[in-house]
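Read the structure below first, then the notes.
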Amino acid sequence: MQGENHALVFEFPEHRDRIHHLKQHDSDFQLDAQRYHQLDHHIRGLEMNQIPTSDDVFIAMKKQRAHLKDRLYQKLLTH
């Protein structure tokens, strides 16, 4: 859905406490989570404000967000 918030706590509600813990104690997780949040915020801003963006750029941003989400999820499972 366009403009949908993909915050980690919404994507992985069962890991809410783990997300909070890792943001506080794992600098790599914290950095990836910050990048993920910024990218998600940027994508939602483009969608909500209907800012013209080329399909290639938009798809690349969404792929990057998905990649970060996968990395963060793996860290949630292994740490």
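FYI, nothing fancy with the structure tokens labels: chains A, B, ... in order, residues from 1 per chain, ligands from 1 as they appear.
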
Give me the residues near segment 2-13 of chain A as a ChimeraX atom specification, where near means some atom within 7 Å (using only C-alpha atoms) and where sequence neighbours in that chain fewer than 3 positions away do not count.
/A:16,37,40,44,47-48

Tell me, as a ChimeraX atom specification, which residues lie within 9 Å of Phe29 of chain A, counting only C-alpha atoms; anything in the same chain fewer than 2 positions away does not count.
/A:19,22-27,31-34,71-72,75-76

Distance criterion (only C-alpha atoms): nearest to Ile43 of chain A out of A:Val57, A:Asp17, A:Thr78, A:Asp28
A:Val57

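Taking atom CA of His79 of chain A as the reference point, atom CA of Arg18 of chain A is found at 8.9 Å.
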